[in-house]
file work01.cif (mmCIF, C-alpha atoms (C1' of nucleotides))
data_entry
#
loop_
_atom_site.label_atom_id
_atom_site.label_comp_id
_atom_site.auth_asym_id
_atom_site.auth_seq_id
_atom_site.Cartn_x
_atom_site.Cartn_y
_atom_site.Cartn_z
CA MET A 4 46.38 -62.19 -29.34
CA ASN A 5 45.06 -59.84 -31.89
CA PHE A 6 42.28 -60.97 -34.08
CA GLU A 7 43.45 -61.48 -37.62
CA GLY A 8 40.38 -60.33 -39.38
CA ILE A 9 39.00 -58.70 -42.45
CA ASP A 10 39.31 -54.97 -42.83
CA LYS A 11 35.89 -53.81 -43.91
CA ILE A 12 37.12 -50.33 -44.69
CA SER A 13 39.87 -51.42 -47.03
CA PRO A 14 39.20 -51.28 -50.76
CA VAL A 15 40.69 -54.76 -51.02
CA PRO A 16 37.83 -57.17 -51.66
CA TYR A 17 36.80 -59.27 -48.71
CA TYR A 18 37.20 -62.51 -50.62
CA TYR A 19 40.79 -61.61 -51.42
CA GLN A 20 41.61 -60.63 -47.85
CA LEU A 21 40.10 -63.88 -46.65
CA GLU A 22 41.97 -65.89 -49.24
CA GLN A 23 45.25 -64.39 -48.00
CA LEU A 24 44.38 -65.03 -44.36
CA LEU A 25 43.59 -68.66 -45.01
CA ARG A 26 46.58 -69.11 -47.24
CA GLU A 27 48.85 -67.82 -44.47
CA ARG A 28 47.54 -70.32 -42.00
CA VAL A 29 48.47 -73.11 -44.33
CA GLU A 30 51.87 -71.65 -45.13
CA ASN A 31 52.55 -70.99 -41.44
CA GLY A 32 51.85 -74.60 -40.71
CA GLU A 33 49.01 -73.59 -38.44
CA TRP A 34 46.88 -75.82 -40.63
CA LYS A 35 48.64 -78.94 -41.89
CA PRO A 36 48.11 -81.18 -44.91
CA GLY A 37 45.10 -83.38 -44.34
CA ASP A 38 43.58 -81.09 -41.72
CA ILE A 39 39.96 -80.23 -42.21
CA LEU A 40 39.19 -76.54 -42.45
CA PRO A 41 36.37 -74.93 -40.52
CA SER A 42 33.09 -75.33 -42.39
CA GLU A 43 31.88 -72.60 -44.69
CA ALA A 44 29.29 -71.64 -42.10
CA GLU A 45 31.94 -71.30 -39.41
CA LEU A 46 34.14 -69.19 -41.64
CA CYS A 47 31.14 -66.96 -42.36
CA SER A 48 30.53 -66.26 -38.71
CA THR A 49 34.19 -66.11 -37.72
CA PHE A 50 35.02 -63.50 -40.33
CA ARG A 51 31.60 -61.88 -40.45
CA VAL A 52 31.21 -62.26 -44.16
CA SER A 53 28.67 -63.86 -46.41
CA ARG A 54 28.78 -67.29 -47.80
CA THR A 55 29.57 -65.94 -51.25
CA VAL A 56 32.75 -64.34 -49.99
CA VAL A 57 33.85 -67.50 -48.22
CA ARG A 58 33.21 -69.59 -51.28
CA GLN A 59 35.10 -67.24 -53.57
CA ALA A 60 38.12 -67.44 -51.30
CA LEU A 61 37.96 -71.22 -50.94
CA ASN A 62 37.47 -71.73 -54.65
CA LYS A 63 40.59 -69.76 -55.41
CA LEU A 64 42.59 -71.77 -52.88
CA CYS A 65 41.16 -74.90 -54.42
CA GLN A 66 42.19 -73.83 -57.93
CA ASP A 67 45.65 -73.11 -56.59
CA GLY A 68 45.90 -76.55 -55.08
CA ILE A 69 46.18 -75.25 -51.53
CA VAL A 70 43.04 -77.03 -50.41
CA TYR A 71 40.67 -79.60 -51.83
CA LYS A 72 37.02 -80.28 -51.24
CA GLU A 73 35.17 -83.52 -50.72
CA LYS A 74 31.44 -83.42 -51.24
CA GLY A 75 29.51 -83.95 -48.07
CA ARG A 76 32.69 -84.12 -45.99
CA GLY A 77 34.52 -80.86 -45.97
CA THR A 78 37.46 -78.84 -47.18
CA PHE A 79 40.97 -80.09 -46.46
CA VAL A 80 44.50 -78.78 -46.64
CA ALA A 81 46.26 -80.30 -49.65
CA LYS A 82 49.67 -81.89 -49.60
CA PRO A 83 52.21 -79.44 -50.90
CA LYS A 84 53.26 -80.50 -54.37
CA LEU A 85 54.75 -78.14 -56.85
CA GLN A 86 53.04 -74.96 -55.96
CA GLU A 87 55.27 -72.36 -57.52
CA LYS A 88 53.10 -69.75 -59.07
CA PHE A 89 53.41 -70.75 -62.71
CA ILE A 90 52.98 -74.44 -62.01
CA GLN A 91 49.72 -74.06 -60.22
CA ARG A 92 47.66 -73.85 -63.33
CA THR A 93 48.81 -77.19 -64.68
CA TYR A 94 47.91 -78.91 -61.45
CA GLY A 95 45.48 -81.66 -62.18
CA PHE A 96 47.05 -82.66 -65.49
CA TYR A 97 48.36 -85.96 -64.29
CA MET B 13 10.84 -73.94 -83.25
CA ASN B 14 11.48 -74.48 -79.64
CA PHE B 15 12.85 -71.75 -77.46
CA GLU B 16 16.48 -72.32 -76.64
CA GLY B 17 16.25 -71.73 -72.94
CA ILE B 18 17.08 -72.98 -69.54
CA ASP B 19 15.15 -75.95 -68.26
CA LYS B 20 14.19 -75.11 -64.71
CA ILE B 21 12.99 -78.62 -64.05
CA SER B 22 16.18 -80.33 -65.10
CA PRO B 23 18.62 -81.44 -62.42
CA VAL B 24 21.39 -79.86 -64.46
CA PRO B 25 22.46 -76.60 -62.80
CA TYR B 26 21.28 -73.41 -64.50
CA TYR B 27 24.77 -72.01 -64.75
CA TYR B 28 25.92 -75.09 -66.63
CA GLN B 29 22.98 -75.06 -69.02
CA LEU B 30 23.63 -71.39 -69.72
CA GLU B 31 27.33 -71.98 -70.24
CA GLN B 32 26.52 -74.60 -72.87
CA LEU B 33 24.01 -72.34 -74.61
CA LEU B 34 26.45 -69.45 -74.85
CA ARG B 35 29.29 -71.70 -75.89
CA GLU B 36 27.19 -73.03 -78.75
CA ARG B 37 26.52 -69.59 -80.07
CA VAL B 38 30.21 -68.94 -80.30
CA GLU B 39 30.97 -72.31 -81.83
CA ASN B 40 28.11 -71.91 -84.31
CA GLY B 41 29.59 -68.64 -85.40
CA GLU B 42 26.42 -66.88 -84.37
CA TRP B 43 28.68 -64.73 -82.22
CA LYS B 44 32.04 -63.99 -83.78
CA PRO B 45 35.45 -63.07 -82.32
CA GLY B 46 35.41 -59.48 -81.13
CA ASP B 47 31.62 -59.35 -80.84
CA ILE B 48 30.33 -57.94 -77.60
CA LEU B 49 28.02 -60.23 -75.65
CA PRO B 50 24.72 -59.03 -74.20
CA SER B 51 25.25 -57.42 -70.80
CA GLU B 52 24.91 -59.48 -67.68
CA ALA B 53 21.62 -57.76 -67.00
CA GLU B 54 20.32 -58.63 -70.44
CA LEU B 55 21.36 -62.24 -70.06
CA CYS B 56 19.58 -62.32 -66.71
CA SER B 57 16.29 -61.21 -68.18
CA THR B 58 16.65 -63.17 -71.40
CA PHE B 59 17.21 -66.43 -69.59
CA ARG B 60 15.22 -65.60 -66.47
CA VAL B 61 17.99 -66.34 -64.05
CA SER B 62 19.82 -64.37 -61.42
CA ARG B 63 23.04 -62.54 -61.95
CA THR B 64 24.93 -65.15 -59.94
CA VAL B 65 24.05 -67.75 -62.52
CA VAL B 66 25.06 -65.50 -65.41
CA ARG B 67 28.37 -64.71 -63.79
CA GLN B 68 29.16 -68.33 -63.06
CA ALA B 69 28.57 -69.20 -66.70
CA LEU B 70 30.59 -66.26 -68.02
CA ASN B 71 33.46 -66.92 -65.64
CA LYS B 72 33.75 -70.48 -66.86
CA LEU B 73 33.76 -69.34 -70.48
CA CYS B 74 36.36 -66.77 -69.55
CA GLN B 75 38.57 -69.40 -67.90
CA ASP B 76 38.21 -71.53 -70.99
CA GLY B 77 39.31 -68.65 -73.18
CA ILE B 78 36.02 -68.49 -75.07
CA VAL B 79 35.32 -64.93 -74.00
CA TYR B 80 37.17 -62.18 -72.21
CA LYS B 81 36.00 -59.33 -70.06
CA GLU B 82 36.98 -55.70 -70.05
CA LYS B 83 36.08 -53.80 -66.93
CA GLY B 84 33.58 -51.11 -67.59
CA ARG B 85 33.11 -52.14 -71.19
CA GLY B 86 31.68 -55.59 -71.45
CA THR B 87 32.31 -59.20 -72.33
CA PHE B 88 33.63 -60.14 -75.75
CA VAL B 89 34.10 -63.24 -77.85
CA ALA B 90 37.76 -64.25 -77.85
CA LYS B 91 39.78 -65.14 -80.91
CA PRO B 92 40.00 -68.89 -81.17
CA LYS B 93 43.44 -69.97 -80.03
CA LEU B 94 44.25 -73.50 -79.03
CA GLN B 95 41.09 -74.41 -77.30
CA GLU B 96 41.18 -78.16 -77.23
CA LYS B 97 40.06 -79.36 -73.86
CA PHE B 98 43.42 -80.30 -72.44
CA ILE B 99 44.98 -77.09 -73.57
CA GLN B 100 42.58 -74.94 -71.65
CA ARG B 101 44.36 -75.41 -68.38
CA THR B 102 47.61 -74.04 -69.68
CA TYR B 103 45.93 -70.91 -70.90
CA GLY B 104 47.51 -67.98 -69.19
CA PHE B 105 51.01 -69.41 -69.38
CA TYR B 106 52.21 -67.08 -72.01
CA MET C 19 37.23 -100.63 -71.62
CA ASN C 20 35.69 -97.70 -69.95
CA PHE C 21 33.73 -98.23 -66.80
CA GLU C 22 30.14 -97.10 -67.12
CA GLY C 23 30.07 -95.19 -63.93
CA ILE C 24 29.21 -91.96 -62.29
CA ASP C 25 31.11 -88.90 -63.37
CA LYS C 26 32.04 -87.18 -60.13
CA ILE C 27 33.26 -84.10 -61.94
CA SER C 28 30.06 -83.52 -63.87
CA PRO C 29 27.61 -80.95 -62.54
CA VAL C 30 24.84 -83.51 -63.10
CA PRO C 31 23.76 -84.88 -59.70
CA TYR C 32 25.00 -88.36 -58.90
CA TYR C 33 21.51 -89.65 -58.13
CA TYR C 34 20.35 -88.58 -61.57
CA GLN C 35 23.31 -90.17 -63.34
CA LEU C 36 22.71 -93.38 -61.43
CA GLU C 37 19.00 -93.33 -62.21
CA GLN C 38 19.81 -93.14 -65.92
CA LEU C 39 22.37 -95.94 -65.70
CA LEU C 40 19.96 -98.28 -63.94
CA ARG C 41 17.10 -97.33 -66.20
CA GLU C 42 19.20 -98.25 -69.23
CA ARG C 43 19.92 -101.69 -67.89
CA VAL C 44 16.24 -102.37 -67.63
CA GLU C 45 15.46 -100.90 -71.02
CA ASN C 46 18.33 -102.82 -72.62
CA GLY C 47 16.89 -106.00 -71.22
CA GLU C 48 20.06 -106.58 -69.26
CA TRP C 49 17.79 -106.77 -66.24
CA LYS C 50 14.44 -108.42 -66.88
CA PRO C 51 11.05 -108.17 -65.18
CA GLY C 52 11.10 -110.03 -61.89
CA ASP C 53 14.88 -109.90 -61.57
CA ILE C 54 16.17 -108.76 -58.24
CA LEU C 55 18.48 -105.76 -58.35
CA PRO C 56 21.73 -105.62 -56.43
CA SER C 57 21.11 -104.53 -52.85
CA GLU C 58 21.42 -100.89 -51.92
CA ALA C 59 24.68 -101.69 -50.19
CA GLU C 60 26.07 -103.32 -53.31
CA LEU C 61 25.04 -100.39 -55.48
CA CYS C 62 26.77 -98.08 -53.03
CA SER C 63 30.06 -99.89 -53.34
CA THR C 64 29.76 -100.55 -57.06
CA PHE C 65 29.16 -96.91 -57.88
CA ARG C 66 31.13 -95.48 -54.98
CA VAL C 67 28.34 -93.33 -53.67
CA SER C 68 26.44 -93.10 -50.43
CA ARG C 69 23.20 -94.84 -49.72
CA THR C 70 21.33 -91.56 -49.96
CA VAL C 71 22.24 -91.30 -53.63
CA VAL C 72 21.29 -94.89 -54.31
CA ARG C 73 17.94 -94.47 -52.60
CA GLN C 74 17.14 -91.26 -54.45
CA ALA C 75 17.77 -93.01 -57.75
CA LEU C 76 15.78 -96.11 -56.80
CA ASN C 77 12.88 -94.09 -55.47
CA LYS C 78 12.55 -92.24 -58.77
CA LEU C 79 12.60 -95.53 -60.67
CA CYS C 80 10.02 -96.84 -58.24
CA GLN C 81 7.77 -93.83 -58.79
CA ASP C 82 8.11 -94.34 -62.53
CA GLY C 83 7.06 -97.96 -62.18
CA ILE C 84 10.39 -99.31 -63.46
CA VAL C 85 11.12 -101.19 -60.26
CA TYR C 86 9.31 -102.06 -57.05
CA LYS C 87 10.52 -102.73 -53.56
CA GLU C 88 9.58 -105.40 -51.07
CA LYS C 89 10.41 -104.75 -47.44
CA GLY C 90 13.01 -107.09 -46.10
CA ARG C 91 13.48 -108.74 -49.48
CA GLY C 92 14.87 -106.39 -52.08
CA THR C 93 14.22 -104.33 -55.18
CA PHE C 94 12.87 -105.93 -58.33
CA VAL C 95 12.38 -105.04 -61.97
CA ALA C 96 8.70 -104.34 -62.64
CA LYS C 97 6.68 -105.75 -65.49
CA PRO C 98 6.41 -103.19 -68.24
CA LYS C 99 2.90 -101.79 -68.19
CA LEU C 100 2.05 -98.54 -69.88
CA GLN C 101 5.37 -96.95 -69.40
CA GLU C 102 6.07 -95.45 -72.78
CA LYS C 103 4.72 -91.93 -72.94
CA PHE C 104 5.26 -91.00 -69.36
CA ILE C 105 8.81 -92.20 -69.32
CA GLN C 106 9.74 -90.54 -72.56
CA ARG C 107 9.20 -87.15 -71.02
CA THR C 108 11.35 -87.64 -68.00
CA TYR C 109 14.09 -89.39 -69.91
CA GLY C 110 16.87 -86.97 -70.67
CA PHE C 111 16.98 -83.33 -69.88
CA TYR C 112 14.24 -81.97 -72.04
CA MET D 26 -1.33 -72.53 -26.86
CA ASN D 27 -0.03 -76.02 -26.53
CA PHE D 28 2.83 -77.13 -28.65
CA GLU D 29 1.75 -79.70 -31.16
CA GLY D 30 4.90 -81.66 -31.54
CA ILE D 31 6.33 -84.93 -32.71
CA ASP D 32 5.90 -87.98 -30.56
CA LYS D 33 9.31 -89.58 -30.46
CA ILE D 34 8.00 -92.70 -28.79
CA SER D 35 5.37 -93.43 -31.39
CA PRO D 36 6.17 -96.00 -34.06
CA VAL D 37 4.76 -93.57 -36.61
CA PRO D 38 7.72 -92.15 -38.55
CA TYR D 39 8.67 -88.60 -37.61
CA TYR D 40 8.46 -87.43 -41.19
CA TYR D 41 4.87 -88.60 -41.40
CA GLN D 42 3.87 -86.98 -38.12
CA LEU D 43 5.46 -83.75 -39.29
CA GLU D 44 3.73 -83.91 -42.65
CA GLN D 45 0.36 -84.14 -40.88
CA LEU D 46 1.18 -81.27 -38.53
CA LEU D 47 2.16 -78.98 -41.37
CA ARG D 48 -0.76 -80.03 -43.49
CA GLU D 49 -3.15 -79.11 -40.68
CA ARG D 50 -1.75 -75.63 -40.41
CA VAL D 51 -2.51 -75.03 -44.04
CA GLU D 52 -5.95 -76.56 -43.84
CA ASN D 53 -6.75 -74.60 -40.69
CA GLY D 54 -5.87 -71.43 -42.49
CA GLU D 55 -3.13 -70.76 -39.98
CA TRP D 56 -0.84 -70.59 -42.98
CA LYS D 57 -2.41 -69.02 -46.06
CA PRO D 58 -1.73 -69.31 -49.79
CA GLY D 59 1.41 -67.40 -50.67
CA ASP D 60 2.75 -67.43 -47.11
CA ILE D 61 6.33 -68.49 -46.75
CA LEU D 62 6.90 -71.41 -44.44
CA PRO D 63 9.60 -71.42 -41.79
CA SER D 64 12.91 -72.44 -43.33
CA GLU D 65 13.99 -76.05 -43.19
CA ALA D 66 16.53 -75.11 -40.54
CA GLU D 67 13.83 -73.51 -38.40
CA LEU D 68 11.55 -76.51 -38.75
CA CYS D 69 14.46 -78.73 -37.69
CA SER D 70 14.96 -76.83 -34.48
CA THR D 71 11.26 -76.26 -33.80
CA PHE D 72 10.42 -79.93 -34.07
CA ARG D 73 13.78 -81.25 -32.91
CA VAL D 74 14.37 -83.44 -35.89
CA SER D 75 17.01 -83.65 -38.55
CA ARG D 76 16.80 -81.99 -41.89
CA THR D 77 16.18 -85.34 -43.57
CA VAL D 78 12.90 -85.66 -41.72
CA VAL D 79 11.87 -82.12 -42.55
CA ARG D 80 12.64 -82.59 -46.22
CA GLN D 81 10.75 -85.87 -46.44
CA ALA D 82 7.69 -84.17 -45.01
CA LEU D 83 7.97 -81.10 -47.23
CA ASN D 84 8.56 -83.17 -50.34
CA LYS D 85 5.37 -85.08 -49.75
CA LEU D 86 3.41 -81.86 -49.27
CA CYS D 87 5.03 -80.54 -52.42
CA GLN D 88 3.99 -83.62 -54.39
CA ASP D 89 0.48 -83.19 -53.07
CA GLY D 90 0.38 -79.59 -54.24
CA ILE D 91 0.00 -78.21 -50.73
CA VAL D 92 3.24 -76.23 -50.90
CA TYR D 93 5.79 -75.33 -53.54
CA LYS D 94 9.47 -74.54 -53.35
CA GLU D 95 11.51 -71.86 -55.02
CA LYS D 96 15.24 -72.37 -55.25
CA GLY D 97 17.16 -69.95 -53.13
CA ARG D 98 13.96 -68.38 -51.77
CA GLY D 99 11.96 -70.73 -49.66
CA THR D 100 8.87 -72.91 -49.38
CA PHE D 101 5.42 -71.40 -49.85
CA VAL D 102 1.81 -72.38 -49.32
CA ALA D 103 0.24 -73.16 -52.69
CA LYS D 104 -3.00 -71.71 -53.90
CA PRO D 105 -5.74 -74.23 -53.49
CA LYS D 106 -6.55 -75.47 -56.96
CA LEU D 107 -8.67 -78.54 -57.19
CA GLN D 108 -7.63 -80.18 -54.00
CA GLU D 109 -10.89 -81.96 -53.47
CA LYS D 110 -12.74 -82.46 -50.25
CA PHE D 111 -12.21 -80.10 -47.38
CA ILE D 112 -10.70 -77.39 -49.50
CA GLN D 113 -13.93 -76.98 -51.38
CA ARG D 114 -15.57 -75.66 -48.26
CA THR D 115 -13.21 -72.80 -47.61
CA TYR D 116 -12.72 -72.02 -51.25
CA GLY D 117 -14.34 -68.70 -52.03
CA PHE D 118 -13.11 -66.96 -48.93
CA TYR D 119 -10.36 -65.33 -50.86
"C1'" DG E 24 20.26 -109.77 -44.91
"C1'" DT E 25 17.01 -106.38 -46.99
"C1'" DG E 26 14.95 -101.93 -47.31
"C1'" DG E 27 13.09 -97.96 -43.96
"C1'" DT E 28 14.13 -94.27 -40.91
"C1'" DC E 29 17.16 -91.07 -38.77
"C1'" DT E 30 21.32 -88.23 -37.30
"C1'" DA E 31 24.72 -84.50 -37.85
"C1'" DG E 32 26.92 -82.00 -40.72
"C1'" DA E 33 29.40 -80.94 -44.96
"C1'" DC E 34 29.57 -78.40 -49.68
"C1'" DC E 35 26.60 -76.77 -53.96
"C1'" DA E 36 23.33 -73.86 -56.50
"C1'" DC E 37 20.45 -70.04 -56.36
"C1'" DG E 38 18.30 -65.36 -55.54
"C1'" DG F 20 20.58 -67.49 -46.10
"C1'" DT F 21 17.34 -70.46 -48.83
"C1'" DG F 22 16.58 -75.12 -50.66
"C1'" DG F 23 19.55 -79.11 -53.17
"C1'" DT F 24 22.95 -82.72 -52.96
"C1'" DC F 25 26.00 -85.69 -50.53
"C1'" DT F 26 28.60 -88.20 -46.79
"C1'" DA F 27 29.09 -91.84 -43.34
"C1'" DG F 28 27.39 -93.69 -40.32
"C1'" DA F 29 23.39 -95.37 -36.80
"C1'" DC F 30 19.16 -98.23 -35.23
"C1'" DC F 31 14.56 -100.32 -36.71
"C1'" DA F 32 11.16 -103.39 -39.08
"C1'" DC F 33 10.76 -107.04 -41.93
"C1'" DC F 34 11.80 -111.62 -44.43
#
call {"tool": "encode", "arguments": {"input": "work01.cif", "output": "structure tokens"}}
result
Amino acid sequence: MNFEGIDKISPVPYYYQLEQLLRERVENGEWKPGDILPSEAELCSTFRVSRTVVRQALNKLCQDGIVYKEKGRGTFVAKPKLQEKFIQRTYGFY
Amino acid sequence: MNFEGIDKISPVPYYYQLEQLLRERVENGEWKPGDILPSEAELCSTFRVSRTVVRQALNKLCQDGIVYKEKGRGTFVAKPKLQEKFIQRTYGFY
Amino acid sequence: MNFEGIDKISPVPYYYQLEQLLRERVENGEWKPGDILPSEAELCSTFRVSRTVVRQALNKLCQDGIVYKEKGRGTFVAKPKLQEKFIQRTYGFY
Amino acid sequence: MNFEGIDKISPVPYYYQLEQLLRERVENGEWKPGDILPSEAELCSTFRVSRTVVRQALNKLCQDGIVYKEKGRGTFVAKPKLQEKFIQRTYGFY
DNA sequence: GTGGTCTAGACCACG
DNA sequence: GTGGTCTAGACCACC
């Protein structure tokens, strides 16, 4: 298996690379709705990035309704609702 | 007159206090549409907080359509569109 | 009717919101000196927060002389002594 | 050097034992004004207790003016102001 | 039954 | 990579 990691040479920001990597795992079904994600600390050490980077990536996924956070518990894969690109922003209305 | 600052004792997060302070200045008309805001560095030293805090506050205002950023130029007060609370989330649709 | 509860979206810490809510009930006279407060467990379920949050709120009220605790018995509303000045400062954000 | 640790058999609460241990180090001059203390995580692993215990101990020392905390930076030994008693003796060394 | 202590670990705010 | 807040439990000491 090759390690799907972050390319530190690439001009693409780490947080964006990480966001894509995590997003894939959800879309691949590797991580399923309701699953808990690795903790922020684990993601930091797995991908060798700082906490800031991890949080930026997770926050974007959260905004996009891919994951949700529960204080003191963790970050979880969301149930797929209507996640087409232009719908994402209205998520949370109802 | 009391100094309109950030209360470091308060349990309210700095970034949120700052967001409110900046928002007021726009709503008061102290800063008008098209005006350039102080730089992030200036805001840091004015309010005695780190750049992280300043950026969190500005990003929220940006999401809410109160200000907009231009890379390499600065942050500016936006023209008031439909900024009622529930409209904010649809911002970006059009 | 809106439920006077804890705003889980707000950036204000739960323990601080709860402290204010309980403090009000004493100041309103809804709870009188000598009255026993609901148990920590009840407050947890009423406000949908963990015991940690409840204890943080109660401990602050205890420090401020608003309530007192008796081991194995419960938490009670204190008799108002000289609580004006001191309380005024900590009440609210500023 | 023998390791001055926490007696897990003793009925004395861990947080209180820890508070005394840390207090001694300041009073002994082992830790001097302005010194940064080990992080909460380090204290946890050094003394084999949970973070709750460490924070209870540090908060008491903080209340007593022995140490102070800076958000995002760490916990530091306070300058001895008027801390009565034993401090009076060493005061003047610095 | 209550409040008191403690665990293990999460996310949040900050520099 | 720090301290701050929060969760969801556990066992203990006390009425």
call {"tool": "atom_distance", "arguments": {"input": "work01.cif", "atom1": "atom CA of A:Arg26", "atom2": "atom C1' of E:DC35"}}
result
22.4 Å
call {"tool": "closest_atom_pairs", "arguments": {"input": "work01.cif", "of": "chain F", "to": "chain A", "cutoff": "10 Å", "atoms": "all atoms listed in the file", "output": "tab-separated table"}}
result
residue	atom	partner	partner_atom	distance
F:DG20	C1'	A:Arg54	CA	8.4
F:DT24	C1'	A:Gly75	CA	8.3
F:DC25	C1'	A:Gly75	CA	4.6
F:DT26	C1'	A:Gly75	CA	4.5
F:DA27	C1'	A:Arg76	CA	8.9
call {"tool": "residues_around", "arguments": {"input": "work01.cif", "residues": "E:DT28", "least_positions_apart": "2", "cutoff": "9 Å", "atoms": "only C-alpha atoms (C1' of nucleotides)", "output": "list in words"}}
result
Pro38, Tyr39, Tyr40 and Val78 of chain D; DC30 and DC31 of chain F
call {"tool": "resolve_selection", "arguments": {"input": "work01.cif", "expression": "the PyMOL selection byres ((chain D) within 12 of (chain C))", "output": "JSON, numbers by chain"}}
result
{"D": [77, 81, 88]}
call {"tool": "closest_atom_pairs", "arguments": {"input": "work01.cif", "of": "chain E", "to": "chain B", "cutoff": "8 Å", "atoms": "only C-alpha atoms (C1' of nucleotides)", "output": "JSON lines"}}
result
{"residue": "E:DA36", "atom": "C1'", "partner": "B:Pro25", "partner_atom": "CA", "distance": 6.9}
{"residue": "E:DC37", "atom": "C1'", "partner": "B:Val65", "partner_atom": "CA", "distance": 7.5}
{"residue": "E:DG38", "atom": "C1'", "partner": "B:Ser62", "partner_atom": "CA", "distance": 6.2}
call {"tool": "write_last_selection", "arguments": {"input": "work01.cif", "atoms": "C-alpha atoms (C1' of nucleotides)", "output": "PDB file, keeping the file's coordinate frame"}}
result
ATOM      1  C1'  DA E  36      23.330 -73.860 -56.500  1.00  0.00           C
ATOM      2  C1'  DC E  37      20.450 -70.040 -56.360  1.00  0.00           C
ATOM      3  C1'  DG E  38      18.300 -65.360 -55.540  1.00  0.00           C
TER       4       DG E  38
END
call {"tool": "residues_near_point", "arguments": {"input": "work01.cif", "point": "(14.6, -112.3, -40.9)", "cutoff": "9 Å", "atoms": "all atoms listed in the file", "output": "ChimeraX atom specification"}}
result
/C:90 /E:24-25 /F:33-34
call {"tool": "residues_around", "arguments": {"input": "work01.cif", "residues": "C:Leu40", "least_positions_apart": "5", "cutoff": "12 Å", "atoms": "all atoms listed in the file", "output": "ChimeraX atom specification"}}
result
/C:22-24,33-35,45-50,55-56,61,65,72,75-80,84-85,94-95
call {"tool": "atom_distance", "arguments": {"input": "work01.cif", "atom1": "atom CA of C:Ile27", "atom2": "atom CA of A:Ala81"}}
result
18.3 Å
call {"tool": "atom_distance", "arguments": {"input": "work01.cif", "atom1": "atom CA of C:Gly83", "atom2": "atom CA of B:Pro23"}}
result
20.2 Å
call {"tool": "resolve_selection", "arguments": {"input": "work01.cif", "expression": "the PyMOL selection byres ((chain F and resi 29) around 8)", "output": "VMD selection string"}}
result
(chain E and resid 29 to 30) or (chain F and resid 28 30)
call {"tool": "closest_residue", "arguments": {"input": "work01.cif", "among": "D:Pro58, D:Lys33, D:Ser64, D:Glu49", "to": "D:Lys106", "atoms": "all atoms listed in the file"}}
result
D:Pro58
call {"tool": "axis_aligned_box", "arguments": {"input": "work01.cif", "around": "stretch 26-43 of chain D", "padding_each_side": "6 Å", "output": "lines of an AutoDock Vina configuration file"}}
result
center_x = 4.0
center_y = -84.3
center_z = -34.0
size_x = 22.6
size_y = 35.5
size_z = 26.9
call {"tool": "build_atoms", "arguments": {"input": "work01.cif", "residues": "stretch 42-54 of chain C", "atoms": "N, CA and C atoms", "output": "PDB file, keeping the file's coordinate frame"}}
result
ATOM      1  N   GLU C  42      18.689 -97.660 -67.986  1.00  0.00           N
ATOM      2  CA  GLU C  42      19.200 -98.250 -69.230  1.00  0.00           C
ATOM      3  C   GLU C  42      19.268 -99.765 -69.145  1.00  0.00           C
ATOM      4  N   ARG C  43      19.751-100.242 -68.010  1.00  0.00           N
ATOM      5  CA  ARG C  43      19.920-101.690 -67.890  1.00  0.00           C
ATOM      6  C   ARG C  43      18.601-102.420 -67.974  1.00  0.00           C
ATOM      7  N   VAL C  44      17.559-101.756 -67.512  1.00  0.00           N
ATOM      8  CA  VAL C  44      16.240-102.370 -67.630  1.00  0.00           C
ATOM      9  C   VAL C  44      15.766-102.272 -69.074  1.00  0.00           C
ATOM     10  N   GLU C  45      15.952-101.105 -69.654  1.00  0.00           N
ATOM     11  CA  GLU C  45      15.460-100.900 -71.020  1.00  0.00           C
ATOM     12  C   GLU C  45      16.242-101.732 -72.028  1.00  0.00           C
ATOM     13  N   ASN C  46      17.502-101.970 -71.761  1.00  0.00           N
ATOM     14  CA  ASN C  46      18.330-102.820 -72.620  1.00  0.00           C
ATOM     15  C   ASN C  46      17.941-104.286 -72.501  1.00  0.00           C
ATOM     16  N   GLY C  47      17.218-104.614 -71.448  1.00  0.00           N
ATOM     17  CA  GLY C  47      16.890-106.000 -71.220  1.00  0.00           C
ATOM     18  C   GLY C  47      18.000-106.732 -70.468  1.00  0.00           C
ATOM     19  N   GLU C  48      18.992-105.977 -70.043  1.00  0.00           N
ATOM     20  CA  GLU C  48      20.060-106.580 -69.260  1.00  0.00           C
ATOM     21  C   GLU C  48      19.487-107.090 -67.931  1.00  0.00           C
ATOM     22  N   TRP C  49      18.544-106.330 -67.411  1.00  0.00           N
ATOM     23  CA  TRP C  49      17.790-106.770 -66.240  1.00  0.00           C
ATOM     24  C   TRP C  49      16.351-106.951 -66.681  1.00  0.00           C
ATOM     25  N   LYS C  50      15.786-108.102 -66.377  1.00  0.00           N
ATOM     26  CA  LYS C  50      14.440-108.420 -66.880  1.00  0.00           C
ATOM     27  C   LYS C  50      13.393-108.359 -65.760  1.00  0.00           C
ATOM     28  N   PRO C  51      12.143-108.219 -66.163  1.00  0.00           N
ATOM     29  CA  PRO C  51      11.050-108.170 -65.180  1.00  0.00           C
ATOM     30  C   PRO C  51      11.143-109.324 -64.192  1.00  0.00           C
ATOM     31  N   GLY C  52      11.036-109.010 -62.933  1.00  0.00           N
ATOM     32  CA  GLY C  52      11.100-110.030 -61.890  1.00  0.00           C
ATOM     33  C   GLY C  52      12.494-110.200 -61.324  1.00  0.00           C
ATOM     34  N   ASP C  53      13.505-109.814 -62.085  1.00  0.00           N
ATOM     35  CA  ASP C  53      14.880-109.900 -61.570  1.00  0.00           C
ATOM     36  C   ASP C  53      15.038-109.056 -60.318  1.00  0.00           C
ATOM     37  N   ILE C  54      15.867-109.558 -59.410  1.00  0.00           N
ATOM     38  CA  ILE C  54      16.170-108.760 -58.240  1.00  0.00           C
ATOM     39  C   ILE C  54      17.389-107.895 -58.557  1.00  0.00           C
TER      40      ILE C  54
END
